[in-house]
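Chemist: Got a structure for you, written out below as structure tokens; questions coming shortly.
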Amino acid sequence: MRESVADVLVVGGGPAGAAAALFLARAGLRVSVVDAEASPLFRVTRVANFPGRPDAPAGLELLADLRRQAEEAGAGWTPGYAVDVEDQGGVFAVRLRQGRVRFAERLLLATGEDLRLVGILGLEREGTFVATDRAGRTSYPRVYAAGKLRGLVPEHAATSAGDGVWVAVHLISDLRGEPYRDHA
């Protein structure tokens with residue numbers, strides 16, 4: 001029996017992926033996140049430059065807070081490492097190392113330096129990064145990329161989160177056919 005199909009599967013639960021999941025879920029989309037829990041932020045003892053967080057939390061705490069916000073907005077969260085992806089005619093099937101499969105109509109890749117799915121999908125690259133347009137659209141229809149993976153932002157939690165939001169807003173706008181604004 002096949003699991004339900006998400007509107008968007010976010011692969012990567014670091015700052016870019018978690019922030020994207022938050023905005024996608026707030027827009028009413030069915031969002032699922034696959035998180036290998038491999039963000040470099042896990043090893044950071046103090047994040048002193050994240051807007052709205054003058055307490056300079058540890059990276060682990062900041063990621064937990066971003067995840068909690070995304071889940072409260074309706075995003076589902078699955079620990080796991082994505083090892084394969086197949087486009088099954090309009091629905092992506094993403095297989096996890098743990099044997100589970102997640103299904104979605106669209107993918108948002110926020111995998112940092114991990115290029116496994118990039119290679120499987122045959123996405124165009126610019127050096128070590130995924131080639132995207134301004135909005136985060138890749139060369140493969142219905143696949144977006146955010147954060148360090150697209151090489152447009154320095155490796156900082158705040159800029160990665162901001163890029164995740166940027167790409168999520170454009171993905172939502174693409175779906176709705178008009179500019180999306182989240183002012184709630």
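Each chain in the structure tokens gets a letter, A, B, ..., in the order shown, and its residues are numbered from 1; ligands are numbered from 1 in order too.
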Residues of region 28-101 of chain A that have any atom at most 12 Å from an atom of region 117-127 of chain A: could you tabulate them with the shortest-distance atom pair and the distance in Å to one decimal, using only C-alpha atoms, ordered by chain and increasing number, as a tab-separated table?

Modeler:
```
residue	atom	partner	partner_atom	distance
A:Tyr81	CA	A:Leu117	CA	10.7
A:Ala82	CA	A:Leu117	CA	7.7
A:Val83	CA	A:Leu117	CA	7.2
A:Asp84	CA	A:Leu117	CA	6.5
A:Val85	CA	A:Leu117	CA	6.6
A:Glu86	CA	A:Leu121	CA	8.0
A:Asp87	CA	A:Leu121	CA	8.7
A:Phe92	CA	A:Leu121	CA	10.6
A:Ala93	CA	A:Leu117	CA	11.7
A:Val94	CA	A:Leu117	CA	9.2
A:Arg95	CA	A:Leu117	CA	10.5
A:Leu96	CA	A:Leu117	CA	11.4
```

Chemist: I'd like the neighbourhood of Arg43 (chain A) as a short mmCIF file (atom, residue, chain, number, x, y, z; two decimals) with C-alpha atoms, in the first residue's frame, where a residue qualifies if any of its atoms comes within 9 Å (using only C-alpha atoms), though same-chain residues fewer than 6 positions away should be ignored.

Modeler:
```cif
data_model
loop_
_atom_site.label_atom_id
_atom_site.label_comp_id
_atom_site.auth_asym_id
_atom_site.auth_seq_id
_atom_site.Cartn_x
_atom_site.Cartn_y
_atom_site.Cartn_z
CA ALA A 58 23.58 26.02 20.12
CA GLY A 59 23.03 24.80 16.58
CA LEU A 60 21.19 21.74 17.87
#
```

Chemist: Expressed in Å to a single decimal, how great is the separation between CA of Thr128 (chain A) and CA of Leu62 (chain A)?

Modeler: 27.2 Å

Chemist: Have a look at A:Gln98, A:Gly112, A:Gln69, A:Arg142 and name the one nearest to Val130 (chain A); count only C-alpha atoms.

Modeler: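 Between A:Gln98, A:Gly112, A:Gln69, A:Arg142, the residue approaching Val130 (chain A) most closely is A:Gly112.
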
Chemist: Quick one: residues within 10 Å of Gly17 (chain A), only C-alpha atoms, excluding same-chain residues fewer than 4 positions away - as a PDB file with C-alpha atoms, in the first residue's frame?

Modeler:
```
ATOM      1  CA  LEU A   9       8.930  16.678  -0.076  1.00  0.00           C
ATOM      2  CA  VAL A  10      11.794  18.677   1.411  1.00  0.00           C
ATOM      3  CA  VAL A  11      14.993  16.638   1.473  1.00  0.00           C
ATOM      4  CA  GLY A  12      17.214  18.089   4.177  1.00  0.00           C
ATOM      5  CA  GLY A  13      16.216  19.419   7.594  1.00  0.00           C
ATOM      6  CA  ALA A  21       9.025  23.520   5.234  1.00  0.00           C
ATOM      7  CA  LEU A  22       7.649  26.128   7.636  1.00  0.00           C
ATOM      8  CA  VAL A  33      10.632  16.557   5.388  1.00  0.00           C
ATOM      9  CA  VAL A  34      13.257  13.826   5.192  1.00  0.00           C
ATOM     10  CA  ASP A  35      16.105  14.743   7.504  1.00  0.00           C
ATOM     11  CA  LEU A  66      13.009  25.453  13.404  1.00  0.00           C
ATOM     12  CA  ARG A  67      11.714  21.889  13.213  1.00  0.00           C
ATOM     13  CA  ALA A  70       7.544  23.673  10.854  1.00  0.00           C
ATOM     14  CA  LEU A 108      12.796  20.793  -2.681  1.00  0.00           C
ATOM     15  CA  LEU A 109      16.390  19.705  -2.204  1.00  0.00           C
ATOM     16  CA  ALA A 110      18.253  21.311   0.701  1.00  0.00           C
ATOM     17  CA  THR A 111      21.005  18.740   1.083  1.00  0.00           C
ATOM     18  CA  GLY A 112      24.026  21.008   1.509  1.00  0.00           C
ATOM     19  CA  ALA A 145      16.971  23.555  -4.646  1.00  0.00           C
ATOM     20  CA  ALA A 146      17.768  25.817  -1.691  1.00  0.00           C
ATOM     21  CA  GLY A 147      20.588  26.753   0.638  1.00  0.00           C
ATOM     22  CA  SER A 160      20.533  29.417   4.431  1.00  0.00           C
ATOM     23  CA  ALA A 161      17.187  29.800   6.206  1.00  0.00           C
ATOM     24  CA  ASP A 163      17.214  31.136   0.931  1.00  0.00           C
ATOM     25  CA  GLY A 164      14.914  28.288   1.992  1.00  0.00           C
ATOM     26  CA  VAL A 165      12.122  30.809   2.539  1.00  0.00           C
ATOM     27  CA  VAL A 167      12.649  29.282  -2.728  1.00  0.00           C
ATOM     28  CA  ALA A 168       9.533  28.143  -0.820  1.00  0.00           C
TER      29      ALA A 168
END
```

Chemist: Would you compute the distance between CA of Ala38 (chain A) and CA of Arg100 (chain A)? Give it in Å to one decimal.

Modeler: 18.5 Å

Chemist: Step one, run DSSP on the backbone; step two, keep only residues of chain A assigned to helix (DSSP H, G or I); then write them as a PyMOL selection string.

Modeler: chain A and resi 15-26+40-43+59-72+116-121+147-150+157-176

Chemist: Can you write out the residues you just picked, keeping C-alpha atoms, as a short mmCIF file (atom, residue, chain, number, x, y, z; two decimals), in the first residue's frame?

Modeler:
```cif
data_model
loop_
_atom_site.label_atom_id
_atom_site.label_comp_id
_atom_site.auth_asym_id
_atom_site.auth_seq_id
_atom_site.Cartn_x
_atom_site.Cartn_y
_atom_site.Cartn_z
CA PRO A 15 18.15 25.75 8.21
CA ALA A 16 17.21 25.98 4.50
CA GLY A 17 15.00 22.89 4.52
CA ALA A 18 13.33 23.61 7.86
CA ALA A 19 12.58 27.24 6.96
CA ALA A 20 11.22 26.17 3.56
CA ALA A 21 9.03 23.52 5.23
CA LEU A 22 7.65 26.13 7.64
CA PHE A 23 6.57 28.48 4.84
CA LEU A 24 5.25 25.69 2.62
CA ALA A 25 3.13 24.30 5.48
CA ARG A 26 1.90 27.77 6.47
CA PRO A 40 26.93 21.13 10.04
CA LEU A 41 24.87 23.24 12.46
CA PHE A 42 24.60 20.21 14.76
CA ARG A 43 28.27 20.76 15.65
CA GLY A 59 23.03 24.80 16.58
CA LEU A 60 21.19 21.74 17.87
CA GLU A 61 18.73 23.97 19.76
CA LEU A 62 18.20 26.27 16.78
CA LEU A 63 17.49 23.31 14.48
CA ALA A 64 15.06 21.84 17.04
CA ASP A 65 13.23 25.18 17.21
CA LEU A 66 13.01 25.45 13.40
CA ARG A 67 11.71 21.89 13.21
CA ARG A 68 9.15 22.50 15.95
CA GLN A 69 7.82 25.58 14.14
CA ALA A 70 7.54 23.67 10.85
CA GLU A 71 5.77 20.75 12.54
CA GLU A 72 3.37 23.09 14.35
CA ARG A 116 23.43 12.01 -4.42
CA LEU A 117 19.91 12.95 -5.59
CA VAL A 118 21.31 15.66 -7.85
CA GLY A 119 23.24 13.00 -9.75
CA ILE A 120 20.36 10.54 -9.87
CA LEU A 121 18.01 13.19 -11.28
CA GLY A 147 20.59 26.75 0.64
CA LYS A 148 24.22 25.80 0.22
CA LEU A 149 23.31 23.25 -2.48
CA ARG A 150 22.73 26.04 -4.99
CA ALA A 157 22.30 29.53 9.32
CA ALA A 158 20.53 32.83 8.70
CA THR A 159 21.36 33.09 5.00
CA SER A 160 20.53 29.42 4.43
CA ALA A 161 17.19 29.80 6.21
CA GLY A 162 16.48 32.93 4.19
CA ASP A 163 17.21 31.14 0.93
CA GLY A 164 14.91 28.29 1.99
CA VAL A 165 12.12 30.81 2.54
CA TRP A 166 12.91 32.54 -0.78
CA VAL A 167 12.65 29.28 -2.73
CA ALA A 168 9.53 28.14 -0.82
CA VAL A 169 7.73 31.41 -1.59
CA HIS A 170 8.55 31.03 -5.28
CA LEU A 171 7.42 27.40 -5.29
CA ILE A 172 4.10 28.43 -3.72
CA SER A 173 3.77 31.28 -6.23
CA ASP A 174 4.40 28.83 -9.09
CA LEU A 175 1.64 26.55 -7.78
CA ARG A 176 -0.86 29.36 -7.33
#
```

Chemist: Given only C-alpha atoms as the basis, pick out the residue of A:Pro141, A:Glu113, A:His156, A:Gly28 nearest to Val47 (chain A).

Modeler: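 So, comparing all the options, the nearest one is A:His156.
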
Chemist: For the atom pair CA of Ala36 (chain A) and CA of Phe103 (chain A), what is the interatomic distance in Å to one decimal place?

Modeler: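 Distance between the two atoms: 16.8 Å.
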
Chemist: Please determine, counting only C-alpha atoms, which residue among A:Tyr144, A:Phe50, A:Pro79, A:Val8 has the shortest atom-to-atom distance to Glu37 (chain A).

Modeler: A:Pro79

Chemist: Can you check which residues of region 4-148 of chain A DSSP gives as strand (DSSP E) on the backbone and send them as a PDB file with N, CA and C atoms, in the first residue's frame?

Modeler:
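Once written, result-v3.pdb looks like this:
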```pdb
ATOM      1  N   VAL A   5       0.590  11.035  -0.753  1.00  0.00           N
ATOM      2  CA  VAL A   5       1.485  11.828  -1.584  1.00  0.00           C
ATOM      3  C   VAL A   5       1.474  13.262  -1.075  1.00  0.00           C
ATOM      4  N   ALA A   6       2.648  13.757  -0.708  1.00  0.00           N
ATOM      5  CA  ALA A   6       2.783  15.140  -0.255  1.00  0.00           C
ATOM      6  C   ALA A   6       2.781  16.072  -1.467  1.00  0.00           C
ATOM      7  N   ASP A   7       2.409  17.308  -1.230  1.00  0.00           N
ATOM      8  CA  ASP A   7       2.566  18.317  -2.280  1.00  0.00           C
ATOM      9  C   ASP A   7       4.051  18.563  -2.527  1.00  0.00           C
ATOM     10  N   VAL A   8       4.803  18.652  -1.415  1.00  0.00           N
ATOM     11  CA  VAL A   8       6.240  18.911  -1.502  1.00  0.00           C
ATOM     12  C   VAL A   8       6.969  18.038  -0.495  1.00  0.00           C
ATOM     13  N   LEU A   9       8.022  17.388  -0.958  1.00  0.00           N
ATOM     14  CA  LEU A   9       8.930  16.678  -0.076  1.00  0.00           C
ATOM     15  C   LEU A   9      10.209  17.505  -0.012  1.00  0.00           C
ATOM     16  N   VAL A  10      10.557  17.948   1.184  1.00  0.00           N
ATOM     17  CA  VAL A  10      11.794  18.677   1.411  1.00  0.00           C
ATOM     18  C   VAL A  10      12.828  17.648   1.846  1.00  0.00           C
ATOM     19  N   VAL A  11      13.919  17.566   1.116  1.00  0.00           N
ATOM     20  CA  VAL A  11      14.993  16.638   1.473  1.00  0.00           C
ATOM     21  C   VAL A  11      16.106  17.463   2.103  1.00  0.00           C
ATOM     22  N   VAL A  31       3.249  18.964   3.383  1.00  0.00           N
ATOM     23  CA  VAL A  31       4.702  18.998   3.342  1.00  0.00           C
ATOM     24  C   VAL A  31       5.272  17.872   4.190  1.00  0.00           C
ATOM     25  N   SER A  32       6.256  17.206   3.638  1.00  0.00           N
ATOM     26  CA  SER A  32       6.985  16.184   4.376  1.00  0.00           C
ATOM     27  C   SER A  32       8.468  16.511   4.268  1.00  0.00           C
ATOM     28  N   VAL A  33       9.191  16.316   5.357  1.00  0.00           N
ATOM     29  CA  VAL A  33      10.632  16.557   5.388  1.00  0.00           C
ATOM     30  C   VAL A  33      11.334  15.241   5.677  1.00  0.00           C
ATOM     31  N   VAL A  34      12.371  14.950   4.909  1.00  0.00           N
ATOM     32  CA  VAL A  34      13.257  13.826   5.192  1.00  0.00           C
ATOM     33  C   VAL A  34      14.560  14.445   5.672  1.00  0.00           C
ATOM     34  N   ASP A  35      14.958  14.104   6.878  1.00  0.00           N
ATOM     35  CA  ASP A  35      16.105  14.743   7.504  1.00  0.00           C
ATOM     36  C   ASP A  35      17.138  13.715   7.928  1.00  0.00           C
ATOM     37  N   GLY A  76       5.258  17.316   8.151  1.00  0.00           N
ATOM     38  CA  GLY A  76       5.641  16.030   8.721  1.00  0.00           C
ATOM     39  C   GLY A  76       7.154  15.894   8.672  1.00  0.00           C
ATOM     40  N   TRP A  77       7.714  15.139   9.604  1.00  0.00           N
ATOM     41  CA  TRP A  77       9.173  15.019   9.698  1.00  0.00           C
ATOM     42  C   TRP A  77       9.558  13.558   9.801  1.00  0.00           C
ATOM     43  N   THR A  78      10.465  13.118   8.961  1.00  0.00           N
ATOM     44  CA  THR A  78      10.944  11.744   8.974  1.00  0.00           C
ATOM     45  C   THR A  78      12.460  11.735   9.056  1.00  0.00           C
ATOM     46  N   PRO A  79      13.025  11.158  10.120  1.00  0.00           N
ATOM     47  CA  PRO A  79      14.478  10.991  10.121  1.00  0.00           C
ATOM     48  C   PRO A  79      14.847   9.946   9.076  1.00  0.00           C
ATOM     49  N   ALA A  82      18.033   9.958   2.266  1.00  0.00           N
ATOM     50  CA  ALA A  82      17.497   9.642   0.937  1.00  0.00           C
ATOM     51  C   ALA A  82      18.599   9.049   0.070  1.00  0.00           C
ATOM     52  N   VAL A  83      18.365   7.839  -0.447  1.00  0.00           N
ATOM     53  CA  VAL A  83      19.379   7.161  -1.263  1.00  0.00           C
ATOM     54  C   VAL A  83      18.995   7.041  -2.729  1.00  0.00           C
ATOM     55  N   ASP A  84      17.722   7.233  -3.050  1.00  0.00           N
ATOM     56  CA  ASP A  84      17.296   7.079  -4.438  1.00  0.00           C
ATOM     57  C   ASP A  84      16.032   7.883  -4.667  1.00  0.00           C
ATOM     58  N   VAL A  85      15.825   8.286  -5.910  1.00  0.00           N
ATOM     59  CA  VAL A  85      14.605   8.995  -6.294  1.00  0.00           C
ATOM     60  C   VAL A  85      14.211   8.535  -7.685  1.00  0.00           C
ATOM     61  N   GLU A  86      12.903   8.388  -7.870  1.00  0.00           N
ATOM     62  CA  GLU A  86      12.366   7.983  -9.167  1.00  0.00           C
ATOM     63  C   GLU A  86      11.136   8.828  -9.454  1.00  0.00           C
ATOM     64  N   ASP A  87      11.066   9.357 -10.666  1.00  0.00           N
ATOM     65  CA  ASP A  87       9.879  10.077 -11.105  1.00  0.00           C
ATOM     66  C   ASP A  87       8.932   9.045 -11.694  1.00  0.00           C
ATOM     67  N   PHE A  92       7.117  11.799  -7.386  1.00  0.00           N
ATOM     68  CA  PHE A  92       8.454  11.329  -7.054  1.00  0.00           C
ATOM     69  C   PHE A  92       8.368  10.316  -5.922  1.00  0.00           C
ATOM     70  N   ALA A  93       9.110   9.234  -6.052  1.00  0.00           N
ATOM     71  CA  ALA A  93       9.259   8.248  -4.986  1.00  0.00           C
ATOM     72  C   ALA A  93      10.699   8.356  -4.492  1.00  0.00           C
ATOM     73  N   VAL A  94      10.845   8.735  -3.244  1.00  0.00           N
ATOM     74  CA  VAL A  94      12.172   8.890  -2.648  1.00  0.00           C
ATOM     75  C   VAL A  94      12.369   7.756  -1.650  1.00  0.00           C
ATOM     76  N   ARG A  95      13.374   6.937  -1.936  1.00  0.00           N
ATOM     77  CA  ARG A  95      13.658   5.790  -1.066  1.00  0.00           C
ATOM     78  C   ARG A  95      14.713   6.180  -0.048  1.00  0.00           C
ATOM     79  N   LEU A  96      14.461   5.805   1.203  1.00  0.00           N
ATOM     80  CA  LEU A  96      15.382   6.102   2.289  1.00  0.00           C
ATOM     81  C   LEU A  96      16.245   4.892   2.581  1.00  0.00           C
ATOM     82  N   VAL A 101       9.762   4.624   1.891  1.00  0.00           N
ATOM     83  CA  VAL A 101       9.646   5.426   0.676  1.00  0.00           C
ATOM     84  C   VAL A 101       8.692   6.576   0.971  1.00  0.00           C
ATOM     85  N   ARG A 102       9.056   7.757   0.529  1.00  0.00           N
ATOM     86  CA  ARG A 102       8.200   8.937   0.663  1.00  0.00           C
ATOM     87  C   ARG A 102       7.828   9.404  -0.739  1.00  0.00           C
ATOM     88  N   PHE A 103       6.576   9.844  -0.908  1.00  0.00           N
ATOM     89  CA  PHE A 103       6.059  10.243  -2.211  1.00  0.00           C
ATOM     90  C   PHE A 103       5.658  11.715  -2.188  1.00  0.00           C
ATOM     91  N   ALA A 104       5.917  12.402  -3.301  1.00  0.00           N
ATOM     92  CA  ALA A 104       5.546  13.815  -3.400  1.00  0.00           C
ATOM     93  C   ALA A 104       5.450  14.228  -4.859  1.00  0.00           C
ATOM     94  N   GLU A 105       4.638  15.251  -5.088  1.00  0.00           N
ATOM     95  CA  GLU A 105       4.503  15.803  -6.434  1.00  0.00           C
ATOM     96  C   GLU A 105       5.681  16.696  -6.801  1.00  0.00           C
ATOM     97  N   ARG A 106       6.313  17.308  -5.784  1.00  0.00           N
ATOM     98  CA  ARG A 106       7.446  18.207  -6.006  1.00  0.00           C
ATOM     99  C   ARG A 106       8.524  17.906  -4.983  1.00  0.00           C
ATOM    100  N   LEU A 107       9.760  18.205  -5.359  1.00  0.00           N
ATOM    101  CA  LEU A 107      10.887  18.060  -4.437  1.00  0.00           C
ATOM    102  C   LEU A 107      11.537  19.416  -4.215  1.00  0.00           C
ATOM    103  N   LEU A 108      11.952  19.653  -2.997  1.00  0.00           N
ATOM    104  CA  LEU A 108      12.796  20.793  -2.681  1.00  0.00           C
ATOM    105  C   LEU A 108      14.035  20.207  -2.003  1.00  0.00           C
ATOM    106  N   LEU A 109      15.152  20.272  -2.706  1.00  0.00           N
ATOM    107  CA  LEU A 109      16.390  19.705  -2.204  1.00  0.00           C
ATOM    108  C   LEU A 109      17.162  20.759  -1.417  1.00  0.00           C
ATOM    109  N   ARG A 125      24.513  21.294 -13.335  1.00  0.00           N
ATOM    110  CA  ARG A 125      25.328  21.818 -12.245  1.00  0.00           C
ATOM    111  C   ARG A 125      26.172  22.985 -12.726  1.00  0.00           C
ATOM    112  N   GLU A 126      26.568  23.785 -11.778  1.00  0.00           N
ATOM    113  CA  GLU A 126      27.551  24.849 -11.997  1.00  0.00           C
ATOM    114  C   GLU A 126      28.682  24.561 -11.027  1.00  0.00           C
ATOM    115  N   PHE A 129      27.894  23.003  -7.448  1.00  0.00           N
ATOM    116  CA  PHE A 129      26.552  23.395  -7.024  1.00  0.00           C
ATOM    117  C   PHE A 129      25.507  23.037  -8.076  1.00  0.00           C
ATOM    118  N   VAL A 130      24.246  23.038  -7.656  1.00  0.00           N
ATOM    119  CA  VAL A 130      23.138  22.796  -8.575  1.00  0.00           C
ATOM    120  C   VAL A 130      22.802  24.102  -9.287  1.00  0.00           C
ATOM    121  N   VAL A 143      11.342  20.205  -9.497  1.00  0.00           N
ATOM    122  CA  VAL A 143      12.421  20.039  -8.518  1.00  0.00           C
ATOM    123  C   VAL A 143      13.075  21.402  -8.282  1.00  0.00           C
ATOM    124  N   TYR A 144      13.143  21.783  -7.015  1.00  0.00           N
ATOM    125  CA  TYR A 144      13.735  23.046  -6.580  1.00  0.00           C
ATOM    126  C   TYR A 144      14.938  22.730  -5.698  1.00  0.00           C
ATOM    127  N   ALA A 145      15.821  23.707  -5.542  1.00  0.00           N
ATOM    128  CA  ALA A 145      16.971  23.555  -4.646  1.00  0.00           C
ATOM    129  C   ALA A 145      17.118  24.829  -3.835  1.00  0.00           C
TER     130      ALA A 145
END
```

Chemist: For Arg46 (chain A), work out the shell of residues within 6 Å, counting only C-alpha atoms and skipping chain neighbours fewer than 2 positions away, then give it as a list in words.

Modeler: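 So, after excluding close chain neighbours, the residues are Val44, Ala48, Ala56, Pro57 and Ala58 of chain A.
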
Chemist: Take the residues that were just selected and, keeping N, CA and C atoms, output them as an mmCIF file, in the first residue's frame.

Modeler:
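So out-v1.cif came out as:
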```
data_model
loop_
_atom_site.group_PDB
_atom_site.id
_atom_site.type_symbol
_atom_site.label_atom_id
_atom_site.label_comp_id
_atom_site.auth_asym_id
_atom_site.auth_seq_id
_atom_site.Cartn_x
_atom_site.Cartn_y
_atom_site.Cartn_z
ATOM 1 N N VAL A 44 27.765 23.128 15.872
ATOM 2 C CA VAL A 44 28.039 24.507 16.273
ATOM 3 C C VAL A 44 27.542 24.720 17.701
ATOM 4 N N ALA A 48 25.529 32.940 17.042
ATOM 5 C CA ALA A 48 25.382 34.308 17.556
ATOM 6 C C ALA A 48 24.811 35.280 16.531
ATOM 7 N N ALA A 56 21.782 33.447 21.293
ATOM 8 C CA ALA A 56 22.859 32.687 20.652
ATOM 9 C C ALA A 56 22.791 31.204 21.020
ATOM 10 N N PRO A 57 21.734 30.519 20.587
ATOM 11 C CA PRO A 57 21.576 29.107 20.956
ATOM 12 C C PRO A 57 22.617 28.213 20.284
ATOM 13 N N ALA A 58 22.768 27.030 20.805
ATOM 14 C CA ALA A 58 23.576 26.020 20.124
ATOM 15 C C ALA A 58 22.867 25.646 18.824
#
```
